[in-house]
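Before any comments, here is the structure.
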Amino acid sequence: MEPKVVADPQDRLREVIAKMKEENQWVVPVVLHKKLVGLISYKDLMKRRVSPEAKIITISSPSVSLNEDDDFPKVIAKFYTTKARAVPVINKNREMIGIITRESLLRYLIDTDQLPDNKTREYMNSPALSISSEESVARARWIMIRDSISRLPVVNEKKLEGIVSSRDIVNSLYSVSEKKKASILTEEERIMAMPIKEIMTSPVITVNGSDPLKKVAELLVKKGISGAPVMEGDFIAGVISGIDIIKSLEKKYNLSMPIQAKLASGLTSNTTKAEIDAVVERYLSKLEKITDIINFKVSFKEAAKSQNKTLYKSTVTVSTKQGNFIASETDWDPIVAVKKAVEKVENNIVKKIKRLQNKKVSKEEEI
């Protein structure tokens, strides 16, 4: 489809956010002379609090993309590995010719009757992360960034009261863009400190654990939402998203993450392996949004021991079309060690891609 909002590298952030809000568009491609040079999303904007007057070129993320001749298995694999809300489509000259949204992908799966007859509870994320209606906006933002999610059910005495998304937080923070800088900072602090019930959406669109997956997909597409709480009676049993629905096709399309992990002898319990797998998959999805990942390896080794504690060294090796990136970090907690290592790799990849993109933009502007 043709995106309603497309940004130029020289556009101001406040202008683009206003258009995103007006058109209900979660992801905006950044295009210069028809060529795709980056991407702006609500999820990225929630992580970075920048001036509304900032130019898009300074804050846009490197863009994952699809080629116009890619087949459908490649399309669904791209969404599966990146967990993207939308993926631009380019031609051989890297000119953007359209965009595939998660909603349009779900609509295609519905129309072609590809979704299994299974119940929603079989694919939901459970237990559901949630937040109290009296907790702060800052707390909600931190949880979303920490766990790489886009929405949180809001509860009051264990009962569902509302839902808050990354879009709600971004729109609240940037609604003060017309004020002077000092006033903006004061207003941002006030927004981050206020209770989440002030910006949440209520009533909440929910689904039942016994609902067929196709019915839930149809609801998400019809309402234009990325996910919904899954109820079992009055209890929130989990959360289902468009990506969870896409995951139901893992076997059919042989979908898998390009991960290889080598664990130290002390990290071979099923619980520990599951925790490491969950962290690595989450961070791999972030990297897939930046560039095409050819290979992703994680290894651990025992660096030292002290009484009953073990110091773990985690090494992350990522192969991309921009080259190979390696980082190592140590910590007494292996989860913390791998997080630090992946974040270091991510920063190095982003820096390199931005250097390459800035060179391209400079050349295009000269032309």
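Chain identifiers are assigned as A, B, and so on, following the order in which chains appear in the structure tokens; residues are numbered from 1 within each chain, and ligands are numbered from 1 in order of appearance.
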For the structure I just gave you, how does DSSP split stretch 74-294 of chain A - specifically, which residues are alpha helix (DSSP H)? Reply as a PyMOL selection string.
chain A and resi 74-82+102-111+137-147+166-173+181-193+213-223+242-247+250-253+270-290
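For A:Ser210, the non-local neighbours within 8 Å, defined as residues at least 2 positions apart in the same chain or in other chains and counting only C-alpha atoms, are Lys119, Thr120, Arg121, Asn208 and Pro212 of chain A.
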Atomic distance atom CA of A:Ala84 - atom CA of A:Lys43, expressed in Å with one decimal
10.1 Å
Please list as a ChimeraX atom specification every residue within 9 Å of stretch 100-104 of chain A, counting only C-alpha atoms and excluding residues in the same chain fewer than 6 positions away.
/A:1-3,27,66,75,79,83-89,217,220-222,224-226,242-243
Excluding same-chain residues fewer than 4 positions from stretch 285-298 of chain A, what lies within 8 Å of it counting only C-alpha atoms, as an MDAnalysis selection string?
chainID A and resid 61:64 81:84 258:262 281 314:321 338 346 350
If you count only C-alpha atoms, which residues fall within 12 Å of A:Gly233, apart from same-chain ones fewer than 5 positions away, as a PDB file with C-alpha atoms, in the first residue's frame?
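Output saved as out-v3.pdb:
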ATOM      1  CA  LYS A 159      -9.404  -5.635  37.389  1.00  0.00           C
ATOM      2  CA  LEU A 160      -8.775  -4.374  33.854  1.00  0.00           C
ATOM      3  CA  THR A 206     -10.490  -7.447  24.669  1.00  0.00           C
ATOM      4  CA  VAL A 207     -10.722 -11.017  23.389  1.00  0.00           C
ATOM      5  CA  ASN A 208     -11.454 -14.319  25.086  1.00  0.00           C
ATOM      6  CA  GLY A 209      -9.026 -17.196  25.467  1.00  0.00           C
ATOM      7  CA  SER A 210     -11.497 -19.486  23.683  1.00  0.00           C
TER       8      SER A 210
END
Could you go through stretch 197-347 of chain A and tell me which residues DSSP, when run on the backbone, assigns to strand (DSSP E), listing them as a PyMOL selection string?
chain A and resi 207-208+227-232+235-241+259-262+293-306+309-320+323-331
Surrounding residues of A:Val37 excluding itself and chain neighbours under 2 positions, 12 Å, only C-alpha atoms, as a PyMOL selection string:
chain A and resi 6-10+28-35+39-40+56-65+88+90+94-96+290+353-362+364
Pick from A:Ile149, A:Leu105, A:Val170, A:Val216: nearest to A:Leu13, with only C-alpha atoms counted?
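Answer, going by the shortest atom-to-atom distance: A:Val170.
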Contacts of A:Leu249 at 9 Å (only C-alpha atoms; same-chain gap of 4+ positions) as an MDAnalysis selection string:
chainID A and resid 114:116 245 253:255
Using only C-alpha atoms, can you tell me which of A:Asn93, A:Ser299, A:Lys305, A:Asp71 comes closest to A:Ser328?
A:Ser299
Nearest-residue call for A:Gln25, choices A:Arg167, A:Arg12, A:Arg48, A:Lys301, using only C-alpha atoms
A:Arg167
